[in-house]
Amino acid sequence: MNEKKSTLQILKQNYKTIFRLLRYSKGFRKSYAFALVINSLTMVRFSFVIGFSLQWVTDSVLEGRWNDFRTAIAFAAIAFTLNAILYYCEGYFMVSRVEMMMAQLKKELYSKIIHLSSDCLDDTHSGDIQSRISTNLSIASEAISFTLVDPLNFIALGIANLIFIALNSWKMALICLVLVILTLLFNSLFLKKIQTLSEKIQETIAAAVERYSDIIHAIPLIRVFSMQQWIFTRYDRENKKILIDQKRLVKTTSLQQSLNGLINNICSFLMLGVGAIFFACGDITAGALLAIFRYVNTLVFSFTGFGNVVSMLTQSLVSAKRVLEILDYPEEPQVPKSPSVQDNPQKSDFIISFENVSFAYAAGAEVLHKLNFNVRQGETIALIGPSGAGKSTIFNLLMRFYSAGVNQGTIQLIGRQIADYDLENLRNQFAYLMQENYLFEGTIRENILYGNPNATAFEMEQAAKAANAHGFIIQLKDGYDTQVGENGAFLSGGEKQRIAIARALLKDAPILLMDEPTSALDAQTETELHEALQTLMKGRTVIVVAHRLTTIQNADRIFVMENGKISESGSHTQLLEKNGRYAHYYHLLCPTT
């Protein structure tokens with residue numbers, strides 16, 4: 001729960017949020033400002049035309065000035081027509097500019113999300129981010145549209161009507177000014193509670209979206225363990241919290257609006273009585289009394305309405321603030337003007353070097369401890385060891401998914417520290433084949449071409465053939481244009497891996513990282529994929545993590561990892577002769593040999 005804030009702090013926070021949103025009007029700021037100004041004068045125009053026409057028509061009739069009466073009628077007709085035209089133009093300008101601003105904000109948001117640091121993604125639930133860029137983003141647009149204009153509209157309307165009243169009677173204007181101040185002070189009492197409740201509701205909604213996201217991704221697990229009732233109860237609990245807080249917010253805003261309505265009626269009746277007394281004393285004319293009554297009604301409406309729309313604006317700004325917070329999340333560190341890997345003039349006997357590297361994930365125990373190893377170009381290195389030994393962490397550090405946790409040692413690529421390279425240039429040197437390779441919604445063709453979007457159709461098919469994927473693809477009804485579904489839901493595990501291998505082949509990176517690429521497959525499918533994997537490994541520097549020791553026996557060197565260090569290294573034959581940890585693993589997993 002957020003710390004309690006004063007009304008002044010809330011206003012200051014909302015002020016900053018508005019100005020951050022207004023940055024997205026760059027390039028069309030003048031037209032957006034024009035839309036704000038003319039929209040803020042909409043009510044003023046209507047109030048002036050109605051009040052002025054009412055006074056002109058009434059006094060001209062009572063005084064028998066029929067030419068003035070006809071002129072007043074013509075003025076009103078023309079003014080009302082022009083107002084209608086301006087109203088249409090104002091709405092178009094405002095909505096179109098707001099849509100342009102939101103398009104800029106969405107563009108920056110999605111760019112930000114794909115560059116978020118791995119630590120940030122670990123600490124932030126995906127459901128929370130989804131909530132911010134869906135629910136909160138749609139509400140946030142109101143903060144820079146009519147919801148932002150309406151307070152300006154009501155202020156301008158109130159000031160203008162106060163001036164109109166003063167032009168007819170300064171005494172009544174003075175009384176109205178006192179009533180306006182009291183109305184504003186009354187409405188300020190609701191601001192703090194509405195802000196606090198709105199923030200609490202958005203936090204609870206985000207928690208509910210997180211639960212919903214967990215349900216969608218874990219439906220098979222939920223069914224296997226018969227957790228439907230438990231998971232539903234957990235989700236329903238969040239929904240009930242939202243309902244309770246929303247009822248409190250509705251109760252608060254409804255109370256504010258009803259009391260504002262009461263104030264509106266009391267003030268209007270009071271000022272009518274005062275105006276009647278001034279008319280009886282001869283201070284104002286009958287037309288002036290009718291016009292003032294209209295102005296007073298509009299004045300009181302403007303400042304009670306101001307309180308209501310500020311409440312609405314506060315709620316939309318809470319959502320806007322949650323959206324803008326994403327832009328403050330930490331990104332992956334970039335290296336400006338860094339050298340290209342290909343242009344690296346340094347010479348080294350090793351393509352990859354880890355020297356005394358220690359690493360710990362955020363708020364976690366050390367995973368690697370003074371790790372040392374080197375890899376020569378074209379060499380195949382296999383990593384084995386128990387879970388948590390640091391095997392996958394080596395891949396994460398090589399790809400610079402994490403860097404802040406490296407508190408000791410250096411990691412080098414071709415003799416230069418990887419931290420000195422541009423991220424995109426660095427990662428272009430690696431093809432990464434995971435245990436579960438994600439396939440994007442779309443066609444098989446699109447998923448393979450992610451490896452190299454500029455590849456020709458012939459190159460793409462050659463990669464598919466090398467990955468032993470072409471055969472099953474052409475048997476499908478739509479061939480390479482077959483839809484794969486969400487994360488390849490329409491394909492088998494082996495088919496998904498073949499497409500992932502084809503994608504890696506198409507990237508044609510010099511270094512291949514494989515993290516147990518066949519462990520989720522059955523033995524027959526693994527055997528079928530063996531040839532494709534050998535094609536992928538050919539001519540590349542390879543580091544592979546595997547639990548199935550039969551898949552790494554041909555590696556040039558095998559590193560046995562324990563407690564973040566390499567406890568043994570050597571070829572398959574050498575390690576068996578040592579009769580150490582590797583031999584123990586091998587005889588345990590391959591007892592018949």
# chains A, B, ... in the order shown; residues from 1 in each chain; ligands from 1
$ residues_around --residues "Asn454 in chain A" --least-positions-apart "6" --cutoff "12 Å" --atoms "only C-alpha atoms" --output "PyMOL selection string"
chain A and resi 446+448+460+506-507
$ closest_residue --among "A:Val367, A:Leu512, A:Ala362, A:Val250" --to "Asp122 in chain A" --atoms "only C-alpha atoms"
A:Ala362
$ atom_distance --atom1 "CA of Lys578 in chain A" --atom2 "CA of Phe373 in chain A"
19.5 Å
$ atom_distance --atom1 "CA of Phe186 in chain A" --atom2 "CA of Leu255 in chain A"
12.0 Å
$ closest_residue --among "A:Thr541, A:Ser254, A:Asn563, A:Gln429" --to "Lys391 in chain A" --atoms "only C-alpha atoms"
A:Asn563
$ closest_residue --among "A:Leu162, A:Gln195, A:Val484, A:Ser569" --to "Asn297 in chain A" --atoms "only C-alpha atoms"
A:Leu162
$ residues_around --residues "Ala463 in chain A" --least-positions-apart "3" --cutoff "8 Å" --atoms "only C-alpha atoms" --output "list in words"
Glu459, Met460, Ala466, Ala467, Ala502, Arg503, Leu505 and Leu506 of chain A
$ write_last_selection --atoms "N, CA and C atoms" --output "tab-separated table (two decimals), in the first residue's frame"
chain	number	residue	atom	x	y	z
A	459	GLU	N	17.20	-19.69	-49.18
A	459	GLU	CA	18.03	-19.85	-47.98
A	459	GLU	C	17.21	-20.36	-46.81
A	460	MET	N	15.99	-19.89	-46.70
A	460	MET	CA	15.13	-20.34	-45.61
A	460	MET	C	14.82	-21.83	-45.76
A	466	ALA	N	18.25	-28.64	-43.77
A	466	ALA	CA	19.38	-29.03	-42.92
A	466	ALA	C	18.92	-29.41	-41.52
A	467	ALA	N	17.79	-28.80	-41.09
A	467	ALA	CA	17.25	-29.10	-39.75
A	467	ALA	C	16.29	-30.28	-39.77
A	502	ALA	N	16.25	-24.78	-37.44
A	502	ALA	CA	16.30	-24.08	-38.73
A	502	ALA	C	16.51	-22.59	-38.53
A	503	ARG	N	15.86	-22.04	-37.54
A	503	ARG	CA	16.01	-20.61	-37.23
A	503	ARG	C	17.45	-20.30	-36.83
A	505	LEU	N	20.10	-22.09	-37.65
A	505	LEU	CA	20.95	-22.27	-38.84
A	505	LEU	C	20.89	-21.04	-39.73
A	506	LEU	N	19.71	-20.47	-39.87
A	506	LEU	CA	19.55	-19.29	-40.73
A	506	LEU	C	20.30	-18.08	-40.16
$ residues_around --residues "range 374-377 of chain A" --least-positions-apart "2" --cutoff "7 Å" --atoms "only C-alpha atoms" --output "count of residues only"
8
$ residues_around --residues "Ser258 in chain A" --least-positions-apart "4" --cutoff "12 Å" --atoms "only C-alpha atoms" --output "list of chain:residue names"
A:Asn187, A:Val250, A:Lys251, A:Thr252, A:Thr253, A:Ser254, A:Leu262, A:Ile263, A:Asn264, A:Asn265, A:Thr304, A:Gly305, A:Gly307, A:Asn308
$ closest_residue --among "A:Tyr432, A:Tyr92, A:Tyr87, A:Phe52" --to "Tyr32 in chain A" --atoms "only C-alpha atoms"
A:Tyr92
$ residues_around --residues "Tyr480 in chain A" --least-positions-apart "2" --cutoff "7 Å" --atoms "only C-alpha atoms" --output "list of chain:residue names"
A:Thr443, A:Ile444, A:Arg445, A:Ile473, A:Ile474, A:Asp478, A:Thr482
$ write_last_selection --atoms "C-alpha atoms" --output "short mmCIF file (atom, residue, chain, number, x, y, z; two decimals), in the first residue's frame"
data_model
loop_
_atom_site.label_atom_id
_atom_site.label_comp_id
_atom_site.auth_asym_id
_atom_site.auth_seq_id
_atom_site.Cartn_x
_atom_site.Cartn_y
_atom_site.Cartn_z
CA THR A 443 3.41 -19.01 -39.78
CA ILE A 444 6.30 -21.48 -39.90
CA ARG A 445 7.95 -19.27 -42.53
CA ILE A 473 6.48 -28.89 -43.36
CA ILE A 474 5.61 -29.63 -47.01
CA ASP A 478 -0.42 -24.79 -46.07
CA THR A 482 0.92 -23.03 -41.81
#
$ decode --residues "range 527-578 of chain A" --atoms "C-alpha atoms" --output "mmCIF file, in the first residue's frame"
data_model
loop_
_atom_site.group_PDB
_atom_site.id
_atom_site.type_symbol
_atom_site.label_atom_id
_atom_site.label_comp_id
_atom_site.auth_asym_id
_atom_site.auth_seq_id
_atom_site.Cartn_x
_atom_site.Cartn_y
_atom_site.Cartn_z
ATOM 1 C CA THR A 527 17.620 -39.633 -32.205
ATOM 2 C CA GLU A 528 15.805 -38.117 -35.197
ATOM 3 C CA LEU A 529 17.045 -34.666 -34.223
ATOM 4 C CA HIS A 530 20.625 -35.811 -33.704
ATOM 5 C CA GLU A 531 21.556 -35.377 -37.378
ATOM 6 C CA ALA A 532 20.041 -31.859 -37.468
ATOM 7 C CA LEU A 533 21.978 -30.877 -34.355
ATOM 8 C CA GLN A 534 25.227 -32.192 -35.842
ATOM 9 C CA THR A 535 24.596 -30.062 -38.950
ATOM 10 C CA LEU A 536 23.969 -27.042 -36.748
ATOM 11 C CA MET A 537 27.183 -27.624 -34.739
ATOM 12 C CA LYS A 538 29.393 -28.130 -37.803
ATOM 13 C CA GLY A 539 32.016 -25.403 -38.214
ATOM 14 C CA ARG A 540 30.949 -23.539 -35.072
ATOM 15 C CA THR A 541 32.240 -23.003 -31.577
ATOM 16 C CA VAL A 542 29.752 -24.861 -29.380
ATOM 17 C CA ILE A 543 28.954 -24.839 -25.681
ATOM 18 C CA VAL A 544 26.264 -27.357 -24.772
ATOM 19 C CA VAL A 545 24.526 -28.151 -21.485
ATOM 20 C CA ALA A 546 23.148 -31.675 -21.283
ATOM 21 C CA HIS A 547 22.017 -34.174 -18.680
ATOM 22 C CA ARG A 548 22.022 -37.081 -21.109
ATOM 23 C CA LEU A 549 25.697 -37.956 -21.203
ATOM 24 C CA THR A 550 25.338 -39.994 -24.404
ATOM 25 C CA THR A 551 24.752 -36.736 -26.312
ATOM 26 C CA ILE A 552 28.066 -35.129 -25.276
ATOM 27 C CA GLN A 553 30.575 -37.974 -25.555
ATOM 28 C CA ASN A 554 32.027 -36.501 -28.761
ATOM 29 C CA ALA A 555 32.710 -33.093 -27.195
ATOM 30 C CA ASP A 556 36.325 -31.886 -27.337
ATOM 31 C CA ARG A 557 36.196 -31.137 -23.627
ATOM 32 C CA ILE A 558 33.682 -31.789 -20.886
ATOM 33 C CA PHE A 559 33.456 -29.497 -17.844
ATOM 34 C CA VAL A 560 31.968 -30.990 -14.688
ATOM 35 C CA MET A 561 30.469 -28.126 -12.657
ATOM 36 C CA GLU A 562 29.775 -28.169 -8.935
ATOM 37 C CA ASN A 563 29.045 -25.245 -6.593
ATOM 38 C CA GLY A 564 29.763 -22.656 -9.264
ATOM 39 C CA LYS A 565 33.186 -24.076 -10.198
ATOM 40 C CA ILE A 566 34.674 -26.591 -12.622
ATOM 41 C CA SER A 567 35.656 -29.622 -10.603
ATOM 42 C CA GLU A 568 36.851 -31.736 -13.568
ATOM 43 C CA SER A 569 37.615 -31.186 -17.232
ATOM 44 C CA GLY A 570 38.775 -33.342 -20.106
ATOM 45 C CA SER A 571 37.501 -35.538 -22.915
ATOM 46 C CA HIS A 572 35.040 -38.353 -22.328
ATOM 47 C CA THR A 573 37.799 -40.958 -22.314
ATOM 48 C CA GLN A 574 40.102 -38.906 -20.062
ATOM 49 C CA LEU A 575 37.368 -38.308 -17.497
ATOM 50 C CA LEU A 576 36.395 -41.975 -17.390
ATOM 51 C CA GLU A 577 40.052 -42.846 -16.741
ATOM 52 C CA LYS A 578 40.134 -40.370 -13.839
#
